[in-house]
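Shown next: run_3.txt, containing compact mmCIF, C-alpha atoms.
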# COMPACT_ATOMS: atom_id res chain seq x y z
CA MET U 1454 20.80 -6.17 7.44
CA SER U 1455 21.83 -5.18 10.96
CA ALA U 1456 21.02 -2.12 13.05
CA GLU U 1457 22.60 0.86 11.43
CA ALA U 1458 22.39 4.61 12.08
CA TRP U 1459 21.30 6.96 9.31
CA VAL U 1460 21.27 10.68 8.70
CA GLU U 1461 17.97 12.04 7.43
CA VAL U 1462 18.28 14.97 5.03
CA ARG U 1463 15.12 17.07 5.26
CA ALA U 1464 14.45 19.44 2.38
CA LEU U 1465 11.68 22.02 2.40
CA VAL U 1466 10.79 22.36 -1.25
CA PRO U 1467 8.35 24.66 -3.11
CA HIS U 1468 5.37 22.70 -4.44
CA GLY U 1469 6.01 20.99 -7.75
CA TRP U 1470 9.77 20.64 -7.40
CA GLU U 1471 9.74 17.58 -5.10
CA GLU U 1472 10.85 15.09 -7.75
CA LEU U 1473 13.73 17.26 -8.95
CA VAL U 1474 15.06 17.82 -5.42
CA ALA U 1475 14.65 14.11 -4.59
CA GLY U 1476 16.65 13.32 -7.75
CA ILE U 1477 19.40 15.83 -6.87
CA LEU U 1478 19.76 14.38 -3.36
CA SER U 1479 19.88 10.82 -4.75
CA GLY U 1480 22.47 11.90 -7.30
CA ALA U 1481 24.54 13.44 -4.51
CA GLY U 1482 24.86 10.14 -2.67
CA CYS U 1483 21.61 9.87 -0.72
CA GLN U 1484 19.43 6.81 -0.93
CA GLY U 1485 15.92 7.16 -2.36
CA ALA U 1486 13.53 9.77 -1.03
CA ARG U 1487 10.21 10.15 0.70
CA GLU U 1488 7.67 12.87 0.11
CA GLY U 1489 5.40 14.23 2.80
CA SER U 1490 4.79 12.90 6.25
CA SER U 1491 2.67 9.96 7.22
CA ALA U 1492 2.69 10.85 10.90
CA PRO U 1493 -0.84 11.09 12.34
CA ASN U 1494 -0.48 14.80 13.18
CA PRO U 1495 2.45 16.16 11.20
CA ALA U 1496 3.73 19.64 12.08
CA PRO U 1497 2.29 22.12 9.58
CA LEU U 1498 4.67 23.08 6.78
CA PRO U 1499 5.16 26.65 5.54
CA LEU U 1500 2.53 27.57 2.95
CA GLY U 1501 3.35 26.27 -0.53
CA MET U 1502 6.18 24.03 0.69
CA SER U 1503 6.53 20.23 0.74
CA LEU U 1504 8.85 18.06 2.79
CA VAL U 1505 11.24 15.74 0.95
CA ARG U 1506 13.41 13.40 3.00
CA SER U 1507 16.40 11.42 1.87
CA HIS U 1508 19.03 9.50 3.78
CA PHE U 1509 22.67 8.49 3.93
CA ARG U 1510 24.56 6.19 6.29
CA ALA U 1511 25.74 7.89 9.50
CA ARG U 1512 29.18 6.31 9.09
CA ALA U 1513 29.54 8.32 5.86
CA ASP U 1514 28.62 11.55 7.65
CA SER U 1515 31.02 14.50 7.74
CA PRO U 1516 30.78 18.30 7.60
CA GLU U 1517 32.08 18.08 4.00
CA ARG U 1518 29.36 15.64 3.08
CA ARG U 1519 26.65 17.89 4.43
CA GLU U 1520 28.24 20.91 2.76
CA ALA U 1521 28.32 19.10 -0.61
CA LEU U 1522 24.59 18.34 -0.33
CA CYS U 1523 23.83 21.96 0.58
CA GLU U 1524 25.87 23.12 -2.43
CA ALA U 1525 24.14 20.69 -4.80
CA VAL U 1526 20.77 22.03 -3.67
CA ALA U 1527 21.94 25.68 -3.70
CA SER U 1528 23.06 25.30 -7.32
CA LEU U 1529 19.40 24.68 -8.22
CA GLY U 1530 18.77 28.38 -7.55
CA GLU U 1531 20.45 29.06 -10.90
CA ILE U 1532 17.83 26.92 -12.63
CA ASP U 1533 14.73 28.65 -11.32
CA GLU U 1534 14.31 31.37 -8.74
CA GLU U 1535 11.60 29.33 -6.95
CA LEU U 1536 14.31 26.84 -6.07
CA ARG U 1537 16.22 29.44 -4.05
CA ALA U 1538 13.67 28.79 -1.30
CA VAL U 1539 14.81 25.17 -0.80
CA GLU U 1540 16.11 24.66 2.73
CA LEU U 1541 18.05 21.65 4.00
CA SER U 1542 18.38 20.40 7.54
CA PHE U 1543 19.84 17.20 8.96
CA ARG U 1544 18.66 14.82 11.63
CA GLU U 1545 20.39 11.74 12.96
CA LEU U 1546 18.25 8.61 13.16
CA PRO U 1547 19.21 6.10 15.87
CA PRO U 1548 20.48 2.67 14.79
CA GLU U 1549 17.63 0.39 13.79
CA ASP U 1550 17.27 -2.87 11.90
CA TYR U 1551 14.33 -1.89 9.73
CA ALA U 1552 14.03 -5.38 8.23
CA LYS U 1553 12.90 -6.55 11.67
CA SER U 1554 11.70 -3.55 13.65
CA TRP U 1555 8.32 -3.28 11.87
CA LYS U 1556 7.41 -6.61 13.43
CA LYS U 1557 7.26 -4.93 16.85
CA VAL U 1558 4.15 -3.08 15.71
CA TRP U 1559 2.49 -6.36 14.78
CA ARG U 1560 1.09 -8.07 17.85
CA PRO U 1561 -0.81 -11.33 18.10
CA PHE U 1562 -4.52 -10.89 18.69
CA ARG U 1563 -7.49 -12.93 19.69
CA CYS U 1564 -10.99 -13.10 18.33
CA GLY U 1565 -12.99 -15.43 20.55
CA LYS U 1566 -11.11 -18.74 20.65
CA LEU U 1567 -9.21 -17.92 17.47
CA ALA U 1568 -5.67 -16.70 18.23
CA VAL U 1569 -4.00 -15.07 15.22
CA VAL U 1570 -0.23 -15.03 15.60
CA ALA U 1571 2.66 -14.08 13.33
CA PRO U 1572 5.34 -16.73 12.63
CA TRP U 1573 7.77 -14.86 14.89
CA THR U 1574 5.45 -14.47 17.89
CA GLU U 1575 5.18 -16.84 20.80
CA ALA U 1576 1.77 -16.68 22.39
CA ALA U 1577 0.46 -18.74 25.29
CA LEU U 1578 -2.83 -20.34 24.30
CA ARG U 1579 -5.70 -21.64 26.40
CA PRO U 1580 -7.02 -25.19 26.01
CA GLY U 1581 -9.54 -25.17 23.18
CA ASP U 1582 -7.97 -22.16 21.46
CA VAL U 1583 -7.55 -22.38 17.72
CA ARG U 1584 -4.21 -21.06 16.55
CA MET U 1585 -3.81 -19.41 13.16
CA GLU U 1586 -0.38 -18.39 11.95
CA LEU U 1587 -0.53 -15.47 9.55
CA GLU U 1588 2.29 -13.33 8.16
CA PRO U 1589 0.91 -9.92 7.22
CA GLY U 1590 1.88 -8.86 3.74
CA GLY U 1591 0.64 -7.17 0.63
CA VAL U 1592 -2.84 -8.69 0.52
CA PHE U 1593 -5.78 -7.36 2.49
CA GLY U 1594 -7.27 -9.45 5.26
CA THR U 1595 -4.94 -9.74 8.25
CA GLY U 1596 -7.84 -9.90 10.67
CA ARG U 1597 -7.16 -6.53 12.21
CA HIS U 1598 -10.03 -4.74 10.56
CA ALA U 1599 -13.41 -4.60 12.29
CA THR U 1600 -15.22 -6.00 9.23
CA THR U 1601 -13.03 -9.13 9.21
CA ARG U 1602 -13.28 -9.61 12.95
CA MET U 1603 -17.06 -9.43 12.99
CA ILE U 1604 -17.20 -12.28 10.45
CA LEU U 1605 -14.64 -14.29 12.45
CA SER U 1606 -16.88 -13.86 15.44
CA PHE U 1607 -20.01 -15.02 13.58
CA LEU U 1608 -18.11 -18.04 12.20
CA GLN U 1609 -17.31 -19.17 15.73
CA GLU U 1610 -20.88 -18.78 16.87
CA ARG U 1611 -22.59 -20.40 13.92
CA LEU U 1612 -20.37 -23.10 12.38
CA ARG U 1613 -21.51 -26.53 13.52
CA GLY U 1614 -18.81 -28.48 11.65
CA GLY U 1615 -18.79 -30.17 8.26
CA GLU U 1616 -20.06 -27.19 6.25
CA ARG U 1617 -18.86 -26.09 2.83
CA VAL U 1618 -17.90 -22.39 2.94
CA LEU U 1619 -17.42 -19.84 0.16
CA ASP U 1620 -15.61 -16.52 0.70
CA CYS U 1621 -16.23 -13.88 -1.97
CA GLY U 1622 -13.29 -11.43 -1.88
CA SER U 1623 -11.08 -13.79 0.10
CA GLY U 1624 -7.91 -11.61 0.27
CA THR U 1625 -5.33 -13.42 2.39
CA GLY U 1626 -7.78 -16.31 2.86
CA ILE U 1627 -8.11 -15.58 6.56
CA LEU U 1628 -11.88 -16.19 6.71
CA ALA U 1629 -11.87 -19.37 4.63
CA VAL U 1630 -8.90 -20.77 6.56
CA ALA U 1631 -10.49 -19.81 9.87
CA ALA U 1632 -13.65 -21.62 8.75
CA ARG U 1633 -11.64 -24.77 8.03
CA LEU U 1634 -9.82 -24.52 11.37
CA LEU U 1635 -13.21 -24.14 13.08
CA GLY U 1636 -14.59 -27.31 11.52
CA ALA U 1637 -15.80 -26.52 8.00
CA ARG U 1638 -15.29 -29.48 5.66
CA GLU U 1639 -14.39 -27.44 2.61
CA ALA U 1640 -13.60 -23.79 1.88
CA ALA U 1641 -13.26 -21.89 -1.37
CA GLY U 1642 -12.61 -18.27 -2.19
CA PHE U 1643 -11.86 -15.82 -4.96
CA ASP U 1644 -10.42 -12.31 -5.02
CA ILE U 1645 -9.41 -9.85 -7.73
CA ASP U 1646 -6.19 -8.90 -5.89
CA GLU U 1647 -3.11 -10.01 -7.79
CA GLY U 1648 -1.28 -12.75 -5.92
CA SER U 1649 -4.13 -13.30 -3.45
CA ALA U 1650 -4.80 -16.93 -4.46
CA ALA U 1651 -1.17 -17.92 -3.83
CA VAL U 1652 -1.09 -16.06 -0.49
CA ALA U 1653 -4.38 -17.68 0.61
CA THR U 1654 -3.25 -21.17 -0.44
CA ASP U 1655 -0.02 -20.64 1.49
CA LEU U 1656 -2.00 -19.55 4.56
CA ALA U 1657 -4.10 -22.72 4.40
CA GLU U 1658 -1.05 -24.96 4.01
CA ARG U 1659 0.88 -23.16 6.74
CA ASN U 1660 -2.02 -23.90 9.08
CA GLY U 1661 -2.39 -27.54 8.10
CA VAL U 1662 -5.70 -27.19 6.25
CA GLY U 1663 -4.38 -27.17 2.68
CA ALA U 1664 -6.66 -30.07 1.83
CA GLY U 1665 -10.20 -29.05 1.01
CA VAL U 1666 -9.44 -25.41 0.13
CA THR U 1667 -9.50 -23.77 -3.29
CA PHE U 1668 -8.66 -20.17 -4.05
CA LEU U 1669 -9.00 -18.47 -7.42
CA GLU U 1670 -7.91 -15.06 -8.65
CA GLY U 1671 -10.74 -13.12 -10.24
CA ASP U 1672 -14.26 -11.80 -9.71
CA PHE U 1673 -17.75 -13.32 -9.50
CA SER U 1674 -17.38 -14.66 -13.04
CA ARG U 1675 -15.09 -17.39 -11.63
CA LEU U 1676 -17.79 -18.67 -9.30
CA SER U 1677 -18.85 -21.22 -11.92
CA GLU U 1678 -15.40 -22.86 -11.63
CA LEU U 1679 -16.07 -23.57 -7.94
CA SER U 1680 -18.85 -25.83 -6.69
CA PRO U 1681 -21.85 -23.79 -5.53
CA PRO U 1682 -24.14 -23.91 -3.66
CA TYR U 1683 -22.41 -23.53 -0.29
CA GLU U 1684 -23.98 -23.80 3.17
CA VAL U 1685 -22.08 -20.69 4.25
CA VAL U 1686 -21.27 -17.73 1.99
CA LEU U 1687 -19.08 -14.88 3.26
CA ALA U 1688 -18.72 -11.50 1.55
CA ASN U 1689 -16.56 -8.82 3.15
CA LEU U 1690 -16.96 -6.40 0.24
CA TYR U 1691 -17.67 -2.75 -0.40
CA SER U 1692 -21.40 -2.10 -0.21
CA ASP U 1693 -21.54 -1.22 -3.93
CA LEU U 1694 -20.33 -4.73 -4.71
CA LEU U 1695 -22.82 -6.25 -2.28
CA LEU U 1696 -25.60 -4.35 -4.05
CA SER U 1697 -24.53 -5.27 -7.58
CA HIS U 1698 -23.86 -8.93 -6.77
CA ALA U 1699 -26.82 -9.66 -4.47
CA SER U 1700 -28.34 -12.18 -6.88
CA GLU U 1701 -25.03 -14.05 -7.37
CA LEU U 1702 -24.57 -14.25 -3.59
CA GLU U 1703 -28.08 -15.65 -3.23
CA ALA U 1704 -27.55 -18.14 -6.04
CA ALA U 1705 -24.35 -19.43 -4.42
CA LEU U 1706 -26.18 -20.15 -1.17
CA ALA U 1707 -27.57 -23.64 -0.34
CA PRO U 1708 -31.29 -23.77 0.61
CA GLU U 1709 -30.73 -23.88 4.38
CA GLY U 1710 -27.51 -21.86 4.27
CA TRP U 1711 -26.58 -18.46 5.65
CA LEU U 1712 -24.87 -15.51 4.07
CA CYS U 1713 -22.64 -13.22 6.11
CA VAL U 1714 -21.94 -9.77 4.62
CA SER U 1715 -19.55 -7.24 6.10
CA GLY U 1716 -17.63 -4.28 4.73
CA LEU U 1717 -20.70 -2.09 4.67
CA ASN U 1718 -20.90 1.23 6.37
CA ALA U 1719 -23.87 2.07 8.63
CA SER U 1720 -25.15 4.53 6.00
CA ARG U 1721 -25.51 1.68 3.48
CA GLU U 1722 -27.15 -0.86 5.76
CA GLU U 1723 -30.67 -0.06 4.64
CA ALA U 1724 -29.79 -0.22 0.94
CA VAL U 1725 -28.01 -3.57 1.34
CA THR U 1726 -30.88 -4.99 3.44
CA GLN U 1727 -33.33 -3.90 0.73
CA ALA U 1728 -31.24 -5.38 -2.12
CA MET U 1729 -30.94 -8.68 -0.26
CA SER U 1730 -34.65 -8.70 0.47
CA GLU U 1731 -35.33 -8.37 -3.26
CA VAL U 1732 -33.45 -11.63 -3.86
CA GLY U 1733 -35.28 -13.39 -1.04
CA LEU U 1734 -32.84 -13.02 1.84
CA SER U 1735 -33.72 -11.54 5.24
CA VAL U 1736 -31.49 -10.28 8.02
CA THR U 1737 -31.53 -12.72 10.96
CA ALA U 1738 -28.63 -11.32 12.94
CA ARG U 1739 -26.48 -8.23 12.87
CA ARG U 1740 -23.43 -6.84 14.55
CA ALA U 1741 -21.98 -3.32 14.64
CA ARG U 1742 -18.51 -2.06 15.36
CA GLY U 1743 -17.89 1.66 14.95
CA VAL U 1744 -19.31 2.68 11.57
CA TRP U 1745 -19.11 -0.88 10.23
CA ARG U 1746 -21.97 -3.36 10.02
CA CYS U 1747 -22.05 -7.13 9.59
CA LEU U 1748 -25.29 -8.94 8.70
CA ILE U 1749 -26.41 -12.57 8.64
CA LEU U 1750 -28.98 -13.25 5.92
CA GLU U 1751 -31.11 -16.33 5.38
CA ARG U 1752 -33.93 -17.32 3.07
CA ARG U 1753 -37.40 -16.41 4.30
CA MET V 584 -12.41 -7.25 0.86
CA ALA V 585 -13.50 -3.81 2.07
CA LYS V 586 -10.25 -1.91 2.38
CA GLU V 587 -9.86 1.15 4.57
CA ILE V 588 -6.72 3.22 4.04
CA MET V 589 -4.66 4.16 7.10
CA ALA V 590 -1.78 5.97 5.37
CA LEU V 591 -0.51 6.96 1.94
CA VAL V 592 3.24 6.99 1.55
CA LYS V 593 5.04 8.42 -1.49
CA LEU V 594 8.58 7.24 -2.07
CA HIS V 595 11.26 7.40 -4.73
CA CYS V 596 13.01 4.01 -4.77
CA PRO V 597 15.79 2.52 -6.89
CA ALA V 598 14.28 0.10 -9.42
CA GLY V 599 15.11 -3.52 -8.65
CA GLN V 600 17.38 -2.52 -5.78
CA ALA V 601 15.14 -1.35 -2.95
CA THR V 602 16.17 -2.44 0.55
CA PRO V 603 14.53 -2.19 4.01
CA ALA V 604 16.89 0.74 4.77
CA PRO V 605 15.54 4.32 4.80
CA PRO V 606 13.44 5.73 3.30
CA ILE V 607 11.41 2.49 3.03
CA GLY V 608 12.06 1.14 6.53
CA PRO V 609 10.90 4.09 8.63
CA ALA V 610 8.09 5.00 6.22
CA LEU V 611 6.44 1.57 6.24
CA GLY V 612 7.68 0.28 9.57
CA ALA V 613 5.87 3.00 11.52
CA HIS V 614 2.60 1.53 10.26
CA GLY V 615 3.53 -2.12 10.84
CA ALA V 616 3.54 -2.91 7.11
CA ASN V 617 5.64 -5.90 6.03
CA ILE V 618 8.76 -4.20 4.71
CA ALA V 619 10.43 -7.33 3.33
CA GLU V 620 7.30 -8.15 1.36
CA PHE V 621 7.11 -4.63 -0.12
CA VAL V 622 10.79 -4.72 -1.08
CA LYS V 623 10.36 -8.09 -2.77
CA GLN V 624 7.27 -7.05 -4.72
CA PHE V 625 8.72 -3.66 -5.73
CA ASN V 626 12.02 -5.18 -6.91
CA ASP V 627 10.17 -7.89 -8.84
CA ARG V 628 8.05 -5.32 -10.65
CA THR V 629 10.89 -2.90 -11.44
CA ARG V 630 13.77 -5.24 -12.21
CA ASP V 631 13.71 -4.34 -15.91
CA GLN V 632 14.13 -0.63 -15.10
CA MET V 633 17.34 -1.05 -13.07
CA GLY V 634 19.27 2.21 -12.77
CA MET V 635 16.15 4.37 -12.59
CA THR V 636 14.57 5.85 -9.49
CA ILE V 637 10.86 5.08 -9.55
CA PRO V 638 8.21 7.19 -7.80
CA VAL V 639 5.82 4.87 -6.00
CA GLU V 640 2.71 5.48 -3.91
CA ILE V 641 1.97 2.93 -1.21
CA SER V 642 -1.47 2.58 0.39
CA ILE V 643 -1.31 1.05 3.85
CA TYR V 644 -4.66 -0.28 5.03
CA LYS V 645 -6.04 -0.32 8.54
CA ASP V 646 -5.29 -4.02 8.86
CA ARG V 647 -1.62 -3.21 8.02
CA SER V 648 -1.71 -4.84 4.60
CA PHE V 649 -0.63 -2.65 1.68
CA ASP V 650 -0.55 -2.23 -2.03
CA PHE V 651 1.28 0.19 -4.28
CA ILE V 652 1.19 1.85 -7.66
CA MET V 653 4.08 3.07 -9.71
CA LYS V 654 3.66 6.72 -10.67
CA SER V 655 4.72 8.20 -14.01
CA PRO V 656 8.43 7.84 -14.83
CA PRO V 657 10.66 10.62 -13.50
CA ALA V 658 10.79 13.75 -15.68
CA SER V 659 14.56 13.29 -15.96
CA VAL V 660 14.10 9.93 -17.68
CA LEU V 661 11.50 11.32 -20.08
CA LEU V 662 13.73 14.30 -20.88
CA LEU V 663 16.75 12.12 -21.69
CA LYS V 664 14.56 10.13 -24.03
CA ALA V 665 13.15 13.28 -25.66
CA ALA V 666 16.64 14.74 -26.12
CA GLY V 667 17.94 11.42 -27.46
CA VAL V 668 20.81 11.28 -24.97
CA ASP V 669 21.85 8.61 -22.47
CA LYS V 670 23.04 10.71 -19.59
CA GLY V 671 22.50 14.18 -18.13
CA ALA V 672 25.17 16.58 -16.88
CA GLY V 673 26.94 15.44 -13.73
CA GLU V 674 26.53 18.79 -11.99
CA VAL V 675 23.95 21.51 -12.43
CA GLY V 676 24.98 24.17 -14.97
CA THR V 677 28.35 22.67 -15.90
CA GLU V 678 27.68 20.87 -19.12
CA PHE V 679 25.41 20.92 -22.15
CA VAL V 680 24.22 17.50 -23.27
CA GLY V 681 21.25 18.07 -25.58
CA THR V 682 18.15 20.00 -26.61
CA VAL V 683 14.39 19.52 -26.36
CA THR V 684 11.59 21.62 -27.85
CA ARG V 685 8.78 23.33 -25.96
CA ALA V 686 6.37 20.86 -27.60
CA GLN V 687 8.34 17.95 -26.13
CA VAL V 688 8.23 19.59 -22.71
CA GLU V 689 4.47 20.00 -23.05
CA GLU V 690 4.13 16.31 -23.93
CA ILE V 691 6.00 15.41 -20.75
CA VAL V 692 3.77 17.77 -18.77
CA GLU V 693 0.73 15.99 -20.20
CA LEU V 694 2.13 12.62 -19.15
CA LYS V 695 3.06 13.75 -15.66
CA LYS V 696 0.40 16.29 -14.79
CA ALA V 697 -1.50 13.94 -12.48
CA ASP V 698 1.61 13.39 -10.40
CA LEU V 699 3.12 16.88 -10.50
CA ASN V 700 2.24 19.06 -7.54
CA ALA V 701 2.12 22.12 -9.85
CA ARG V 702 -0.19 25.16 -9.53
CA ASP V 703 -1.22 25.11 -13.20
CA THR V 704 0.03 24.10 -16.64
CA ASP V 705 2.45 27.05 -16.94
CA HIS V 706 3.96 26.11 -13.60
CA ALA V 707 4.23 22.47 -14.74
CA VAL V 708 6.06 23.58 -17.92
CA ARG V 709 8.38 25.68 -15.76
CA ILE V 710 9.15 22.66 -13.54
CA ILE V 711 9.88 20.33 -16.44
CA ALA V 712 12.00 23.00 -18.17
CA GLY V 713 13.83 23.56 -14.88
CA THR V 714 14.46 19.84 -14.56
CA ALA V 715 15.83 19.84 -18.13
CA ARG V 716 18.22 22.70 -17.36
CA SER V 717 19.41 20.95 -14.19
CA MET V 718 20.51 18.06 -16.43
CA GLY V 719 22.26 20.19 -19.04
CA ILE V 720 19.38 19.97 -21.53
CA VAL V 721 18.47 23.24 -23.25
CA VAL V 722 14.77 23.87 -23.82
CA GLU V 723 14.00 25.79 -27.01
CA GLY V 724 11.14 28.26 -26.68
CA VAL V 725 11.00 28.42 -22.87
CA GLU V 726 12.50 31.37 -20.94

Could you take the file, read its structure, and then write that structure out as structure tokens?
Amino acid sequence: MSAEAWVEVRALVPHGWEELVAGILSGAGCQGAREGSSAPNPAPLPLGMSLVRSHFRARADSPERREALCEAVASLGEIDEELRAVELSFRELPPEDYAKSWKKVWRPFRCGKLAVVAPWTEAALRPGDVRMELEPGGVFGTGRHATTRMILSFLQERLRGGERVLDCGSGTGILAVAARLLGAREAAGFDIDEGSAAVATDLAERNGVGAGVTFLEGDFSRLSELSPPYEVVLANLYSDLLLSHASELEAALAPEGWLCVSGLNASREEAVTQAMSEVGLSVTARRARGVWRCLILERR
Amino acid sequence: MAKEIMALVKLHCPAGQATPAPPIGPALGAHGANIAEFVKQFNDRTRDQMGMTIPVEISIYKDRSFDFIMKSPPASVLLLKAAGVDKGAGEVGTEFVGTVTRAQVEEIVELKKADLNARDTDHAVRIIAGTARSMGIVVEGVE
């Protein structure tokens, strides 16, 4: 696909009729439709009205084309009087190659000596930097979230080399792969997200650490298929999951190992600390970023 | 992983034939979500419904990853099925293609009520009946 200009058809539609109007515009030669606005501060819409947007190629634009769309929408007034309120307007979108332009938003970033770059980015690295190539996609864990970054930071501080690492809720595999790149001997992970194991395995292979990594799709019940205990256990999970799986996290941890939990909000820190204490783990280090907390826990 | 949503995007996309062009491109691209990956996953999941337009809700997370759910099938598809016809009228009000009962409309309302932005059940019935009329399907028992 190359850069192409489009005309955006904007329909103000009474609540409830969005799907019908989207269907009418598609049937009249537009391509798909979008409801609502995802802009951070969208302009307020008239009370009781929604915004439906559809598009056609600018090279197919003509006064007749626009008139035909207006007529198709006007004819809906015969169906229900509410539909007489539908209003159309048109806006030209500048040429853009959407297959590529989203990549501009994605910039390489650094977390300590770990430089996370996309396959299409060239980034100058310092001696001693560890490069990870990651293509963001449909699985969570691209390293941009504070909870992921706090664990990445702890990994760099605490890994001595040669450890076996387990990541519970491994997503893209970013933490397990980072652990391998930073010297861990072995890394394993599991996640309930569909497709996550394949994405994580691909990430490991793409970064040359395919050997010594195992990813499974599923929840804590798959832990028995891996090889616990691990010297390092990572869990970037919702606090409810940390609370309900505290004993499994403890059981997966080797005697002298450390557990790193993230994904918990400040308001849940006390509850998580308490639950971990009940299974014999104490907080030995913590980090905060915004509302998010990341804790290191070890056996007393 | 602890996922934090940055944006929710609701689109109507052609099953099995989505492309990075609008509306997908600008909607996802603004948030740095991988458009090619969405298109691939959406087309894979909808290939067997080719010819239909599928409502889909995409959650884009703060780390720019995403996932999506397919909403209930469009009312037009459910109405064609209820009326036992293959195709609706080409233009609004020009043709009569079939009939559905009020009970069938209410069944469709039940199926779609979570996704319809209607004020109440009566309004939802009115919307589904209106959709039927726009396709040349007469609804018995609804004004």

Next on the checklist: Within 7 Å of chain V, which residues belong to chain U? Use only C-alpha atoms and report them as a ChimeraX atom specification.
Outcome noted: /U:1468-1470,1473,1485-1488,1491,1507-1508,1528-1529,1532-1533,1551-1552,1554-1556,1558-1559,1589-1598,1622-1624,1689-1691,1716

Put the listed atoms of range 1524-1530 of chain U in a box along x, y and z with 3 Å added on every side and give me the centre and edge lengths in Å to one decimal, as AutoDock Vina command-line options.
--center_x 22.3 --center_y 24.5 --center_z -5.3 --size_x 13.1 --size_y 13.7 --size_z 11.8

Give me, as a PDB file with C-alpha atoms, in the frame of the given file, all polymer residues having an atom no more than 10 Å from Gly1626 in chain U, counting all atoms listed in the file and skipping those fewer than 4 positions away in the same chain.
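As written to disk, around.pdb reads:
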ATOM      1  CA  LEU U1587      -0.530 -15.470   9.550  1.00  0.00           C
ATOM      2  CA  VAL U1592      -2.840  -8.690   0.520  1.00  0.00           C
ATOM      3  CA  PHE U1593      -5.780  -7.360   2.490  1.00  0.00           C
ATOM      4  CA  GLY U1594      -7.270  -9.450   5.260  1.00  0.00           C
ATOM      5  CA  THR U1595      -4.940  -9.740   8.250  1.00  0.00           C
ATOM      6  CA  ASP U1620     -15.610 -16.520   0.700  1.00  0.00           C
ATOM      7  CA  GLY U1622     -13.290 -11.430  -1.880  1.00  0.00           C
ATOM      8  CA  VAL U1630      -8.900 -20.770   6.560  1.00  0.00           C
ATOM      9  CA  ALA U1631     -10.490 -19.810   9.870  1.00  0.00           C
ATOM     10  CA  ALA U1632     -13.650 -21.620   8.750  1.00  0.00           C
ATOM     11  CA  ALA U1640     -13.600 -23.790   1.880  1.00  0.00           C
ATOM     12  CA  ALA U1641     -13.260 -21.890  -1.370  1.00  0.00           C
ATOM     13  CA  GLY U1642     -12.610 -18.270  -2.190  1.00  0.00           C
ATOM     14  CA  PHE U1643     -11.860 -15.820  -4.960  1.00  0.00           C
ATOM     15  CA  ASP U1644     -10.420 -12.310  -5.020  1.00  0.00           C
ATOM     16  CA  SER U1649      -4.130 -13.300  -3.450  1.00  0.00           C
ATOM     17  CA  ALA U1650      -4.800 -16.930  -4.460  1.00  0.00           C
ATOM     18  CA  ALA U1651      -1.170 -17.920  -3.830  1.00  0.00           C
ATOM     19  CA  VAL U1652      -1.090 -16.060  -0.490  1.00  0.00           C
ATOM     20  CA  ALA U1653      -4.380 -17.680   0.610  1.00  0.00           C
ATOM     21  CA  THR U1654      -3.250 -21.170  -0.440  1.00  0.00           C
ATOM     22  CA  ASP U1655      -0.020 -20.640   1.490  1.00  0.00           C
ATOM     23  CA  LEU U1656      -2.000 -19.550   4.560  1.00  0.00           C
ATOM     24  CA  ALA U1657      -4.100 -22.720   4.400  1.00  0.00           C
ATOM     25  CA  VAL U1666      -9.440 -25.410   0.130  1.00  0.00           C
ATOM     26  CA  THR U1667      -9.500 -23.770  -3.290  1.00  0.00           C
ATOM     27  CA  PHE U1668      -8.660 -20.170  -4.050  1.00  0.00           C
TER      28      PHE U1668
END

Checklist outcome for this item: Residue with the minimum atom-to-atom distance to Ala665 in chain V, picked from V:Met633, V:Ala686, V:Ala697, V:Ala598 with only C-alpha atoms counted, is V:Ala686

Item to check | Selected residue of minimal separation from Gly1733 in chain U among U:Leu1696, U:Leu1750, U:Ile1604, U:Leu1687, counting all atoms listed in the file | outcome: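 Nearest candidate to Gly1733 in chain U out of U:Leu1696, U:Leu1750, U:Ile1604, U:Leu1687: U:Leu1750.
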
Item to check | Residues within 9 Å of Glu723 in chain V, only C-alpha atoms, excluding chain neighbours under 6 positions, as a list of chain:residue names | outcome: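 The contact residues come out as V:Thr682, V:Val683, V:Thr684, V:Arg685.
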
Item to check | Between CA of Arg1638 in chain U and CA of Arg1659 in chain U - distance in Å to one decimal | outcome: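 Result for CA of Arg1659 in chain U versus CA of Arg1638 in chain U: 17.4 Å, one decimal.
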
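Shortest atom-to-atom contact with Arg1537 in chain U among U:Ala1456, U:Leu1465, U:Glu1588, U:Val1583: U:Leu1465, counting all atoms listed in the file.
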
Item to check | Coordinates-based distance that separates CA of Leu1635 in chain U from CA of Arg1579 in chain U (Å, one decimal) | outcome: 15.5 Å

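CA of Ala1464 in chain U sits 5.5 Å away from CA of Glu1540 in chain U.
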